[in-house]
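Chemist: One structure follows; several queries about it will come next.
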Amino acid sequence: MDESKKLAEIKRVEAPVKSMEDFTDPNALYNELIKSIKKYHPSADTSMVEKAYKIASEAHKDQKRKSGEPYIIHPLCVAIILADLEMDKETITAGLLHDVVEDTVMTSEEIREEFGEDVEQLVDGVTKLGQLNYSADKIEVQAENLRKMFLAMAKDIRVILIKLADRLHNMRTLKYMSPEKQKEKARETMDIYAPIAQRLGISKIKVELDDLSLKYLQPDVYYDLVEKIALRKTEREKFVQGIVDEVKKHIEDAGIRAQIDGRVKHFFSIYKKMVNQDKTIDQIYDLFAVRIIVDTVKDCYAALGVIHEMYTPIPGRFKDYIAMPKPNMYQSLHTTLIGPNGTPFEIQIRTFEMHKTAEYGIAAHWKYKEQSDGKKSGGNQEEEKMTWLRRILEWQRDMSDNHEFLNLLKSDLDLFAENVYCFTPAGDVKNLPAGSTPIDFAYNVHSAVGNKMVGARVNGKLVNIDYVIQNGDRVEIITSQNSRGPSRDWLKIVKSTQAKNKINQWFKQELKEDNIIKGKEMMSAYCKAKGIVLSELTKPEFMQAVMIKYGFRDWDSVMAAIGHGGLKEGQVVNRLQEERKKKQQKELTDAQVLETIEGASAGGNARDRQNRHGSKNGIVVKGIDDVAVRFAKCCSPVPGDEIVGFVTRGRGVTIHRTDCVNMIHLPTEERVRLIEAEWQANPSDVSGRFLAEIKIFGNNRTGLLVDISKIFTERKIDVLSVNSRTSKQGTATIAMAFEVESRAELESLIGKIRQVESVLDIARTTG
């Protein structure tokens, strides 16, 4: 492309979207439309557009706009805006026809017959979006949800582009509306349409929508800006031109081909700077930007080097959107510099392709599958026309801002497939999982609404409760105080976890009485089968412990949980038994034990033998009746060992061997707690097996542990644990725990182990 052609192309791209004068003759507008299409479209055939114009003219012939001009002017202006965005003919045709179906002049089927399925679907998409009537006071609060719903409803992105063009023309003619309507439409535009235009990268439309919104939302601010910018216009233009001339000279000297121009930033951008930086317009110097458009990416960075040599860059104000593009496909190098006289200004450097993308966004990547004769070329047209989607997804991979928005785009064009966006009758937007039903909607509003639901209306029509909610539906729940509550079948219909949980909660609460009775019966049956006396377990303190353990406020709730299957009756009974056992062990206090010992000592030897009582463990403890006895783990006494009792706090008596290290080193003040104890005289009274622990020391060798284990196997003694280690000197230490019946059996075992080759010594653990 030579210099003059490139310059003409840049000017065409940068030209603002055409704004036609009000009350322009429709035929003149149509001629302007055809002229605009022929500037860029590869096909000379405009018969489809001509046919659409004739049908739209006929459909709207008796209609007038608020301004009093013929209604056909509106679709014509929308089509011209789309042509300025260089859209395909199907989109422009749909732009001309976008109000025809709504006015019931043509049906969707007739549009399909006349213009094909593509145009019919675009018109249908725009019609559905036009039917959204959200509350004006909800827009600001729920703008993000509304934007998402907007995008979710438009399966084809061209629907959004037609809607943006429609809104832009409506904003241009907003002066004919009432002040209230002006504010309402401007708020809607700023919160919904302008951000969508920005996300799709169409700055041509975004900039104008922003400025027009500001004009009606804050007219004082807008006109003040216009006036103040106009006051210093000459001075600014002179400054910018000086920068442009200086930059142009240095860029040319560096051998880089470039187009350089300067521009004043748009009003809304300046206003945002004033608000964000809390400055007046006189304090903001970078009201303008110099733009450098080069041939290649390499030239972008070369030009940046030249600029940074010429002017001092402001630290932290350089942004490389070429290496890291914005999610809306925008690419450019931005740098803010200190110019002559210390005035800061911004320079943007990009290639022509990047410039086109910056101005047109997604529209810049539209593919044409038409030849100059107007016929479709081969190949998958849809695949080509939707290349924008893959581009967005590729560019989004490493980006974080607007992540939620782009992360939900799907390659099958089913945008936001995970969610569906619908309205309450009051105009609130509800976000539900895709496939949700009116039941999900009701429980999303409130559990009381769901529990009393008897039916639903969607868009004013009665629907079944298993109706699948679509994007943009207005859902109204019909409730009745006579409702018996949800049905268990609802659990199979609902999609959201929230609804399932609330339905289950209702059943638990509503059927609590039945569940309590059922739970009590299950407890009784379990205890009867196991031979347990339930009345002995259901003491308040035992029940309280169970309630704390399982997090219930009262015993009825425990019974209800058993009744509906949340708890097993065996769990609860076992817990009650544990609590009773703990209480029995604690019944004998330290003071009582010590008192009994002293009493026994005072009674002398005459009563000594009479006061010795046996326990179930084969232990006789002096002077104490039915004492709880446990064996110390530190020394593991076995029948035949010399033993002593130690009164343990809250645990009755612990039996130790007399050679236990812990007993030998017991502090003087603790010795008062020692009590005489011995094994029962009759060996037959001592039954069961007792834990014993030994340590075997020997020279390490292969097979030592195997030889020792054989002895245990031969004697049918179960080994409970083995722990072995070897020192650097090669001495093996093997610690073993096992069960024996008596000291005699233990000594016989130790004697046998001593005979094993390499065994040096054996010792019992003594604490």
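Each chain in the structure tokens gets a letter, A, B and so on, in the order shown; residues start at 1 in every chain, and ligands are counted from 1 in the order they appear.
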Please run DSSP on the backbone and report, as a PyMOL selection string, all residues within segment 215-374 of chain A that come out as alpha helix (DSSP H).
Modeler: chain A and resi 215-217+219-231+233-253+267-277+297-310+352-360
Chemist: Return as CSV the residues of segment 452-544 of chain A lying at most 8 Å from segment 418-434 of chain A, together with the closest atom-to-atom pair for each and the distance in Å to one decimal, counting only C-alpha atoms, with rows in chain order and ascending residue number.
Modeler:
```
residue,atom,partner,partner_atom,distance
A:Ile469,CA,A:Val420,CA,7.3
A:Gln470,CA,A:Val420,CA,6.4
A:Asn471,CA,A:Tyr421,CA,4.9
A:Gly472,CA,A:Cys422,CA,4.8
A:Asp473,CA,A:Cys422,CA,4.9
A:Arg474,CA,A:Phe423,CA,4.6
A:Val475,CA,A:Thr424,CA,5.6
A:Glu476,CA,A:Pro425,CA,6.0
A:Lys495,CA,A:Pro433,CA,6.8
A:Ser496,CA,A:Pro433,CA,6.3
```
Chemist: Mind dumping the selected residues with all heavy atoms as an mmCIF file, in the first residue's frame?
Modeler:
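Saved the output as again-v6.cif:
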```
data_model
loop_
_atom_site.group_PDB
_atom_site.id
_atom_site.type_symbol
_atom_site.label_atom_id
_atom_site.label_comp_id
_atom_site.auth_asym_id
_atom_site.auth_seq_id
_atom_site.Cartn_x
_atom_site.Cartn_y
_atom_site.Cartn_z
ATOM 1 N N ILE A 469 -36.295 -22.308 32.564
ATOM 2 C CA ILE A 469 -36.225 -20.842 32.442
ATOM 3 C C ILE A 469 -35.193 -20.444 31.382
ATOM 4 O O ILE A 469 -34.082 -20.988 31.340
ATOM 5 C CB ILE A 469 -35.863 -20.207 33.806
ATOM 6 C CG1 ILE A 469 -37.019 -20.441 34.804
ATOM 7 C CG2 ILE A 469 -35.584 -18.717 33.675
ATOM 8 C CD1 ILE A 469 -36.703 -20.039 36.232
ATOM 9 N N GLN A 470 -35.591 -19.474 30.532
ATOM 10 C CA GLN A 470 -34.707 -18.963 29.475
ATOM 11 C C GLN A 470 -34.184 -17.581 29.865
ATOM 12 O O GLN A 470 -34.781 -16.893 30.698
ATOM 13 C CB GLN A 470 -35.476 -18.853 28.152
ATOM 14 C CG GLN A 470 -36.118 -20.155 27.696
ATOM 15 C CD GLN A 470 -35.113 -21.253 27.437
ATOM 16 O OE1 GLN A 470 -34.091 -21.035 26.790
ATOM 17 N NE2 GLN A 470 -35.376 -22.438 27.979
ATOM 18 N N ASN A 471 -33.076 -17.175 29.253
ATOM 19 C CA ASN A 471 -32.536 -15.841 29.500
ATOM 20 C C ASN A 471 -33.583 -14.773 29.194
ATOM 21 O O ASN A 471 -34.250 -14.837 28.161
ATOM 22 C CB ASN A 471 -31.305 -15.593 28.616
ATOM 23 C CG ASN A 471 -30.080 -16.265 29.170
ATOM 24 O OD1 ASN A 471 -29.716 -16.048 30.314
ATOM 25 N ND2 ASN A 471 -29.459 -17.120 28.371
ATOM 26 N N GLY A 472 -33.734 -13.813 30.106
ATOM 27 C CA GLY A 472 -34.644 -12.695 29.887
ATOM 28 C C GLY A 472 -36.070 -12.948 30.321
ATOM 29 O O GLY A 472 -36.904 -12.045 30.244
ATOM 30 N N ASP A 473 -36.388 -14.176 30.782
ATOM 31 C CA ASP A 473 -37.758 -14.469 31.239
ATOM 32 C C ASP A 473 -38.096 -13.649 32.480
ATOM 33 O O ASP A 473 -37.237 -13.439 33.341
ATOM 34 C CB ASP A 473 -37.905 -15.963 31.592
ATOM 35 C CG ASP A 473 -38.141 -16.837 30.371
ATOM 36 O OD1 ASP A 473 -38.407 -16.268 29.294
ATOM 37 O OD2 ASP A 473 -38.061 -18.072 30.493
ATOM 38 N N ARG A 474 -39.370 -13.202 32.555
ATOM 39 C CA ARG A 474 -39.869 -12.540 33.758
ATOM 40 C C ARG A 474 -40.718 -13.575 34.496
ATOM 41 O O ARG A 474 -41.755 -13.999 34.001
ATOM 42 C CB ARG A 474 -40.694 -11.306 33.386
ATOM 43 C CG ARG A 474 -41.089 -10.447 34.570
ATOM 44 C CD ARG A 474 -41.728 -9.163 34.071
ATOM 45 N NE ARG A 474 -40.768 -8.285 33.428
ATOM 46 C CZ ARG A 474 -40.041 -7.368 34.059
ATOM 47 N NH1 ARG A 474 -40.177 -7.208 35.355
ATOM 48 N NH2 ARG A 474 -39.185 -6.615 33.417
ATOM 49 N N VAL A 475 -40.237 -14.004 35.659
ATOM 50 C CA VAL A 475 -40.863 -15.126 36.364
ATOM 51 C C VAL A 475 -41.640 -14.618 37.578
ATOM 52 O O VAL A 475 -41.121 -13.845 38.380
ATOM 53 C CB VAL A 475 -39.798 -16.155 36.816
ATOM 54 C CG1 VAL A 475 -40.458 -17.370 37.454
ATOM 55 C CG2 VAL A 475 -38.928 -16.582 35.638
ATOM 56 N N GLU A 476 -42.888 -15.075 37.687
ATOM 57 C CA GLU A 476 -43.735 -14.717 38.832
ATOM 58 C C GLU A 476 -44.191 -16.008 39.505
ATOM 59 O O GLU A 476 -44.697 -16.919 38.846
ATOM 60 C CB GLU A 476 -44.949 -13.925 38.332
ATOM 61 C CG GLU A 476 -45.878 -13.491 39.443
ATOM 62 C CD GLU A 476 -47.167 -12.872 38.904
ATOM 63 O OE1 GLU A 476 -47.248 -12.590 37.686
ATOM 64 O OE2 GLU A 476 -48.093 -12.702 39.708
ATOM 65 N N LYS A 495 -32.544 -27.765 39.817
ATOM 66 C CA LYS A 495 -31.164 -27.789 39.309
ATOM 67 C C LYS A 495 -30.176 -27.259 40.342
ATOM 68 O O LYS A 495 -29.036 -27.697 40.412
ATOM 69 C CB LYS A 495 -31.107 -26.919 38.043
ATOM 70 C CG LYS A 495 -29.863 -27.114 37.221
ATOM 71 C CD LYS A 495 -29.955 -28.342 36.356
ATOM 72 C CE LYS A 495 -28.733 -28.474 35.457
ATOM 73 N NZ LYS A 495 -28.712 -29.752 34.761
ATOM 74 N N SER A 496 -30.603 -26.285 41.136
ATOM 75 C CA SER A 496 -29.661 -25.614 42.050
ATOM 76 C C SER A 496 -29.537 -26.357 43.374
ATOM 77 O O SER A 496 -30.507 -26.898 43.894
ATOM 78 C CB SER A 496 -30.107 -24.164 42.318
ATOM 79 O OG SER A 496 -31.360 -24.156 42.960
#
```
Chemist: So that each row is one residue of segment 245-339 of chain A with an atom at most 10 Å from segment 193-210 of chain A, can you give its shortest atom pair and the distance in Å to one decimal, using only C-alpha atoms, rows by chain and rising number, as JSON lines?
Modeler:
```
{"residue": "A:Lys265", "atom": "CA", "partner": "A:Val207", "partner_atom": "CA", "distance": 9.6}
{"residue": "A:His266", "atom": "CA", "partner": "A:Val207", "partner_atom": "CA", "distance": 6.9}
{"residue": "A:Phe267", "atom": "CA", "partner": "A:Asp210", "partner_atom": "CA", "distance": 8.3}
{"residue": "A:Phe268", "atom": "CA", "partner": "A:Asp210", "partner_atom": "CA", "distance": 5.9}
{"residue": "A:Ser269", "atom": "CA", "partner": "A:Val207", "partner_atom": "CA", "distance": 8.4}
{"residue": "A:Lys326", "atom": "CA", "partner": "A:Gly201", "partner_atom": "CA", "distance": 9.0}
{"residue": "A:Pro327", "atom": "CA", "partner": "A:Arg199", "partner_atom": "CA", "distance": 7.3}
{"residue": "A:Asn328", "atom": "CA", "partner": "A:Gly201", "partner_atom": "CA", "distance": 4.9}
{"residue": "A:Met329", "atom": "CA", "partner": "A:Gly201", "partner_atom": "CA", "distance": 6.6}
{"residue": "A:Tyr330", "atom": "CA", "partner": "A:Gly201", "partner_atom": "CA", "distance": 6.6}
```
Chemist: For Glu578 of chain A, which residue out of A:Met543, A:Met171, A:Leu85, A:Leu337 is the nearest one, using only C-alpha atoms?
Modeler: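 Counting only C-alpha atoms, the residue closest to Glu578 of chain A is A:Met543.
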Chemist: Calculate how many Å separate atom CA of Arg689 of chain A from atom CA of Glu741 of chain A, rounding to one decimal.
Modeler: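 That distance, rounded to one decimal, is 4.6 Å.
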Chemist: Calculate how many Å separate atom CA of Glu569 of chain A from atom CA of Ala525 of chain A, rounding to one decimal.
Modeler: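 Between these atoms lies a distance of 9.4 Å.
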Chemist: Env of Leu746 of chain A: 12 Å cut, atoms = only C-alpha atoms, seq-sep filter 4 positions within chain, self excluded. Answer as a list in words.
Modeler: Ser636, Pro637, Val638, Pro639, Gly640, Asp641, Arg689, Phe690, Leu691, Ala692, Glu693, Ile694, Phe712, Arg715, Ile717, Ala737, Phe738, Glu739, Val740, Glu741, Ser742, Ile750, Gly751, Lys752, Ile753, Ile762, Ala763 and Arg764 of chain A
Chemist: Residues of the last selection are to be written out with C-alpha atoms, as a PDB file, in the first residue's frame.
Modeler:
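Saved as selection_1.pdb:
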```
ATOM      1  CA  SER A 636       3.561 -53.489  82.363  1.00  0.00           C
ATOM      2  CA  PRO A 637       3.182 -55.722  85.475  1.00  0.00           C
ATOM      3  CA  VAL A 638       2.223 -59.385  84.963  1.00  0.00           C
ATOM      4  CA  PRO A 639       0.976 -61.951  87.542  1.00  0.00           C
ATOM      5  CA  GLY A 640       3.876 -62.967  89.769  1.00  0.00           C
ATOM      6  CA  ASP A 641       5.561 -59.529  89.743  1.00  0.00           C
ATOM      7  CA  ARG A 689      -3.448 -62.183  79.317  1.00  0.00           C
ATOM      8  CA  PHE A 690      -1.276 -59.254  80.391  1.00  0.00           C
ATOM      9  CA  LEU A 691       0.859 -56.858  78.423  1.00  0.00           C
ATOM     10  CA  ALA A 692       4.622 -57.342  78.733  1.00  0.00           C
ATOM     11  CA  GLU A 693       7.428 -55.345  77.154  1.00  0.00           C
ATOM     12  CA  ILE A 694      11.074 -56.374  76.799  1.00  0.00           C
ATOM     13  CA  PHE A 712       7.032 -66.413  69.698  1.00  0.00           C
ATOM     14  CA  ARG A 715       4.756 -70.643  71.795  1.00  0.00           C
ATOM     15  CA  ILE A 717       2.332 -65.724  71.636  1.00  0.00           C
ATOM     16  CA  ALA A 737       5.384 -55.821  73.199  1.00  0.00           C
ATOM     17  CA  PHE A 738       3.248 -58.942  73.613  1.00  0.00           C
ATOM     18  CA  GLU A 739       0.789 -60.616  75.992  1.00  0.00           C
ATOM     19  CA  VAL A 740       1.509 -63.385  78.514  1.00  0.00           C
ATOM     20  CA  GLU A 741      -0.487 -65.100  81.254  1.00  0.00           C
ATOM     21  CA  SER A 742       2.129 -64.878  84.027  1.00  0.00           C
ATOM     22  CA  ILE A 750      13.201 -64.731  78.030  1.00  0.00           C
ATOM     23  CA  GLY A 751      15.345 -67.814  78.838  1.00  0.00           C
ATOM     24  CA  LYS A 752      14.629 -69.251  75.371  1.00  0.00           C
ATOM     25  CA  ILE A 753      15.467 -65.937  73.627  1.00  0.00           C
ATOM     26  CA  ILE A 762      17.366 -58.969  77.711  1.00  0.00           C
ATOM     27  CA  ALA A 763      15.657 -56.477  80.036  1.00  0.00           C
ATOM     28  CA  ARG A 764      12.061 -55.690  80.911  1.00  0.00           C
TER      29      ARG A 764
END
```
Chemist: Identify which of the residues A:Pro313, A:Gly563, A:Gly305, A:Gly339 lies closest to Gly242 of chain A, counting only C-alpha atoms when measuring atom-to-atom distances.
Modeler: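 For Gly242 of chain A, the nearest of the candidates is A:Gly339.
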Chemist: Of the candidates A:Glu521, A:Ile281, A:Val647, A:Gln577, which one gets nearest to Thr538 of chain A if we count only C-alpha atoms?
Modeler: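 Among the listed residues, the smallest separation from Thr538 of chain A belongs to A:Gln577.
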